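For reference, protein.csv (CSV, C-alpha atoms):
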chain,number,residue,atom,x,y,z
E,16,MET,CA,17.1,-9.7,26.1
E,17,LYS,CA,15.2,-12.9,25.5
E,18,LEU,CA,13.6,-13.5,22.1
E,19,ALA,CA,10.1,-13.4,23.7
E,20,GLU,CA,10.9,-9.9,25.1
E,21,ALA,CA,12.0,-8.8,21.7
E,22,LEU,CA,8.7,-10.1,20.2
E,23,ALA,CA,6.8,-8.1,22.8
E,24,LEU,CA,8.8,-5.0,22.1
E,25,ARG,CA,8.1,-5.5,18.3
E,26,ALA,CA,4.4,-5.6,19.1
E,27,GLU,CA,4.7,-2.4,21.2
E,28,MET,CA,6.5,-0.7,18.3
E,29,LYS,CA,3.8,-1.7,15.9
E,30,THR,CA,1.2,-0.3,18.2
E,31,LYS,CA,3.2,2.9,18.5
E,32,ILE,CA,3.5,3.3,14.7
E,33,ASN,CA,-0.3,2.8,14.4
E,34,ASN,CA,-0.8,5.5,17.1
E,35,ILE,CA,1.5,7.9,15.2
E,36,HIS,CA,-0.4,7.1,12.0
E,37,SER,CA,-3.7,8.1,13.7
E,38,ARG,CA,-2.2,11.2,15.2
E,39,LEU,CA,-0.7,12.3,11.9
E,40,ASN,CA,-4.1,11.9,10.2
E,41,GLN,CA,-5.8,13.9,13.0
E,42,ASN,CA,-3.3,16.7,12.4
E,43,ALA,CA,-3.2,16.6,8.6
E,44,LYS,CA,-5.5,19.7,8.1
E,45,VAL,CA,-6.5,22.7,10.1
E,46,GLN,CA,-8.7,25.6,9.5
E,47,GLU,CA,-7.0,28.6,8.1
E,48,GLY,CA,-5.3,30.6,10.8
E,49,GLU,CA,-5.3,27.7,13.2
E,50,LYS,CA,-2.4,25.4,14.3
E,51,PRO,CA,-2.5,21.7,14.5
E,52,ALA,CA,-2.8,20.1,18.0
E,53,GLU,CA,0.6,18.4,17.3
E,54,ASN,CA,3.3,19.3,14.9
E,55,PRO,CA,3.2,16.8,12.0
E,56,TYR,CA,7.0,17.2,11.4
E,57,ILE,CA,7.7,16.1,15.0
E,58,LEU,CA,5.4,13.2,14.5
E,59,ILE,CA,7.1,12.2,11.2
E,60,ALA,CA,10.5,12.4,13.0
E,61,GLU,CA,9.1,10.1,15.7
E,62,LEU,CA,7.8,7.8,13.0
E,63,ASP,CA,11.2,7.7,11.4
E,64,ASN,CA,12.9,6.8,14.8
E,65,VAL,CA,10.5,4.1,15.7
E,66,SER,CA,10.6,2.6,12.2
E,67,ASP,CA,14.4,2.5,12.3
E,68,GLU,CA,14.4,0.8,15.7
E,69,MET,CA,11.7,-1.6,14.6
E,70,ALA,CA,13.6,-2.6,11.4
E,71,LYS,CA,16.8,-3.3,13.5
E,72,LEU,CA,14.8,-5.3,16.0
E,73,ILE,CA,13.0,-7.3,13.2
E,74,LYS,CA,16.4,-8.1,11.6
E,75,ASN,CA,17.7,-9.4,14.9
E,76,ILE,CA,14.6,-11.4,15.6
E,77,ASN,CA,14.8,-13.0,12.1
E,78,TYR,CA,18.5,-13.7,12.5
E,79,THR,CA,17.9,-15.3,15.9
E,80,ASN,CA,15.1,-17.4,14.4
E,81,CYS,CA,17.4,-18.6,11.6
E,82,MET,CA,20.3,-19.3,14.0
E,83,THR,CA,18.3,-21.1,16.6
E,84,VAL,CA,18.1,-24.8,15.9
E,85,GLU,CA,16.5,-27.5,18.0
E,86,ASN,CA,16.6,-31.2,17.0
E,87,GLY,CA,17.9,-30.2,13.6
E,88,VAL,CA,15.0,-27.8,12.9
E,89,SER,CA,15.4,-24.0,12.9
E,90,LEU,CA,13.0,-21.8,14.7
E,91,THR,CA,12.2,-20.2,11.3
E,92,ASP,CA,11.1,-23.6,10.0
E,93,MET,CA,9.0,-24.2,13.0
E,94,ILE,CA,7.3,-20.9,12.6
E,95,ALA,CA,6.6,-21.6,8.9
E,96,GLU,CA,5.2,-25.0,9.8
E,97,LYS,CA,3.0,-23.4,12.5
E,98,ASP,CA,1.7,-20.7,10.1
E,99,VAL,CA,0.8,-23.1,7.3
E,100,LEU,CA,-0.8,-25.6,9.8
E,101,GLN,CA,-2.9,-22.8,11.3
E,102,LYS,CA,-4.2,-21.9,7.8
E,103,LYS,CA,-4.8,-25.6,6.8
E,104,ILE,CA,-6.7,-26.3,10.0
E,105,SER,CA,-8.8,-23.1,9.5
E,106,VAL,CA,-9.7,-24.2,5.9
E,107,LEU,CA,-10.6,-27.7,7.0
E,108,ARG,CA,-12.7,-26.6,9.9
E,109,SER,CA,-14.6,-24.3,7.6
E,110,PHE,CA,-15.1,-27.2,5.1
E,111,LEU,CA,-16.2,-29.5,8.0
E,112,SER,CA,-18.8,-26.9,9.0
E,113,GLU,CA,-20.2,-26.8,5.5
E,114,THR,CA,-20.2,-30.5,5.0
E,115,SER,CA,-21.8,-31.1,8.4
E,116,ALA,CA,-24.6,-28.6,7.9
E,117,VAL,CA,-28.0,-30.2,8.0
E,118,VAL,CA,-30.1,-29.7,4.9
E,119,ASN,CA,-33.8,-30.0,5.7
E,120,ARG,CA,-36.0,-31.9,3.4
E,121,TYR,CA,-39.7,-31.2,3.5
E,122,SER,CA,-40.8,-34.4,1.8
E,123,ASN,CA,-39.3,-37.7,0.7
E,124,THR,CA,-39.6,-36.6,-2.9
E,125,GLU,CA,-37.0,-33.8,-2.5
E,126,ILE,CA,-33.4,-34.5,-3.5
E,127,LYS,CA,-31.3,-35.8,-0.6
E,128,ILE,CA,-28.1,-33.9,0.0
E,129,LEU,CA,-25.1,-35.9,1.2
E,130,SER,CA,-21.7,-35.0,2.5
E,131,THR,CA,-18.8,-35.6,0.0
E,132,VAL,CA,-16.4,-36.8,2.7
E,133,ASP,CA,-16.3,-39.0,5.8
E,134,VAL,CA,-16.9,-36.2,8.4
E,135,VAL,CA,-15.8,-38.3,11.4
E,136,ASP,CA,-12.6,-39.3,9.8
E,137,LEU,CA,-11.7,-35.8,8.6
E,138,GLN,CA,-12.6,-34.4,12.1
E,139,LYS,CA,-10.2,-36.9,13.6
E,140,LYS,CA,-7.4,-35.7,11.2
E,141,VAL,CA,-8.2,-32.1,12.1
E,142,ASP,CA,-8.1,-32.9,15.8
E,143,THR,CA,-4.7,-34.6,15.3
E,144,MET,CA,-3.4,-31.6,13.4
E,145,SER,CA,-4.7,-29.2,16.1
E,146,LYS,CA,-2.9,-31.2,18.8
E,147,HIS,CA,0.3,-31.0,16.8
E,148,LEU,CA,-0.2,-27.3,16.3
E,149,ARG,CA,-0.6,-26.8,20.1
E,150,GLU,CA,2.5,-28.8,20.8
E,151,LEU,CA,4.5,-26.9,18.2
E,152,ASP,CA,3.3,-23.5,19.5
E,153,MET,CA,4.2,-24.4,23.0
E,154,ASN,CA,7.7,-25.5,21.9
E,155,ILE,CA,8.2,-22.2,20.0
E,156,GLN,CA,7.0,-20.3,23.1
E,157,ARG,CA,9.4,-22.3,25.3
E,158,ILE,CA,12.3,-21.5,23.0
E,159,ASN,CA,11.3,-17.8,22.8
E,160,TRP,CA,11.7,-17.6,26.6
E,161,THR,CA,14.9,-19.5,26.8
E,162,ILE,CA,17.0,-18.1,23.9
E,163,ASP,CA,18.7,-14.7,23.9
E,164,LEU,CA,18.2,-12.3,21.1
E,165,ILE,CA,21.2,-12.4,18.8
E,166,GLU,CA,22.2,-8.8,17.8
E,167,LYS,CA,24.0,-8.4,14.5
Please go through the file and, once you have read it, give me the structure as structure tokens.
Amino acid sequence: MKLAEALALRAEMKTKINNIHSRLNQNAKVQEGEKPAENPYILIAELDNVSDEMAKLIKNINYTNCMTVENGVSLTDMIAEKDVLQKKISVLRSFLSETSAVVNRYSNTEIKILSTVDVVDLQKKVDTMSKHLRELDMNIQRINWTIDLIEK
């Protein structure tokens, strides 16, 4: 199985666990004398099975990420860089939005509000980071589709 397939399977398992969660909540209580639509004990057993499978799969994904190295950089390190870069770009875009917002003055006697940074320069830096993020993400995706999942 390719790493990308394992990641898709992990997402399916997460969805399945969320579904079981919902079904358990729907069958948590019944009116006296009634039976639940689904047996909660069977749902709990299903939750146990899916959780155990998912834990094994996540361990294998994490192990594969650690053991997969390209140009001296592990896939784990690439993912960490991608996650941090996404957050940094998000913060800077929000900041740029705030600093670029126009403040209307109704007369020349009102205080003039100015940006605290060079917006154009910072936008160029964010654009460069965004390009690096796209390239990094494409490289990670390429690796995910070419590397086999390592099972421990």
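Interatomic distance, atom CA of E:Cys81 against atom CA of E:Leu151: 16.7 Å.
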For E:Ala95: contacts at 12 Å, only C-alpha atoms, fewer than 5 positions along chain excluded, given as a VMD selection string: chain E and resid 80 to 81 88 to 90 100 to 102 148 151 to 152 155
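If you count only C-alpha atoms and ignore residues fewer than 2 places along the chain from E:Thr91, what sits within 12 Å of it is Ile76, Asn77, Tyr78, Thr79, Asn80, Cys81, Met82, Thr83, Val84, Glu85, Gly87, Val88, Ser89, Met93, Ile94, Ala95, Glu96, Lys97, Asp98, Ile155, Ile158 and Asn159 of chain E.
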My list of candidates is E:Ile57, E:Leu137, E:Asp63, E:Asn86. Which is closest to E:Asn154 when distances are computed with only C-alpha atoms? E:Asn86
For atom CA of E:Ser145 and atom CA of E:Ala26, the interatomic separation in Å (one decimal): 25.5 Å
Distance atom CA of E:Leu24-atom CA of E:Lys71, one decimal place? 11.9 Å
Residues near E:Ala60, cut-off 12 Å, only C-alpha atoms, skip fewer than 5 positions along chain, as number ranges by chain: E: 32, 35, 39, 54-55, 65-67
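Nearest to E:Ile59 of all the residues E:Ala21, E:Ala43, E:Leu72, E:Ile165 is E:Ala43, based on only C-alpha atoms.
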Which one is closest to E:Lys29: E:Leu58, E:Ile73, E:Met16, E:Val45? Count all atoms listed in the file. E:Ile73
Spatial neighbours of E:Asp142, max dist 12 Å, only C-alpha atoms, sep filter under 3 positions, as a PDB file with C-alpha atoms, in the frame of the given file:
ATOM      1  CA  LEU E 100      -0.800 -25.600   9.800  1.00  0.00           C
ATOM      2  CA  ILE E 104      -6.700 -26.300  10.000  1.00  0.00           C
ATOM      3  CA  SER E 105      -8.800 -23.100   9.500  1.00  0.00           C
ATOM      4  CA  LEU E 107     -10.600 -27.700   7.000  1.00  0.00           C
ATOM      5  CA  ARG E 108     -12.700 -26.600   9.900  1.00  0.00           C
ATOM      6  CA  LEU E 111     -16.200 -29.500   8.000  1.00  0.00           C
ATOM      7  CA  VAL E 134     -16.900 -36.200   8.400  1.00  0.00           C
ATOM      8  CA  VAL E 135     -15.800 -38.300  11.400  1.00  0.00           C
ATOM      9  CA  ASP E 136     -12.600 -39.300   9.800  1.00  0.00           C
ATOM     10  CA  LEU E 137     -11.700 -35.800   8.600  1.00  0.00           C
ATOM     11  CA  GLN E 138     -12.600 -34.400  12.100  1.00  0.00           C
ATOM     12  CA  LYS E 139     -10.200 -36.900  13.600  1.00  0.00           C
ATOM     13  CA  SER E 145      -4.700 -29.200  16.100  1.00  0.00           C
ATOM     14  CA  LYS E 146      -2.900 -31.200  18.800  1.00  0.00           C
ATOM     15  CA  HIS E 147       0.300 -31.000  16.800  1.00  0.00           C
ATOM     16  CA  LEU E 148      -0.200 -27.300  16.300  1.00  0.00           C
ATOM     17  CA  ARG E 149      -0.600 -26.800  20.100  1.00  0.00           C
TER      18      ARG E 149
END
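Residue nearest E:Gln156, chosen from E:Met144, E:Leu62, E:Ala19, E:Ala52 and counting only C-alpha atoms: E:Ala19.
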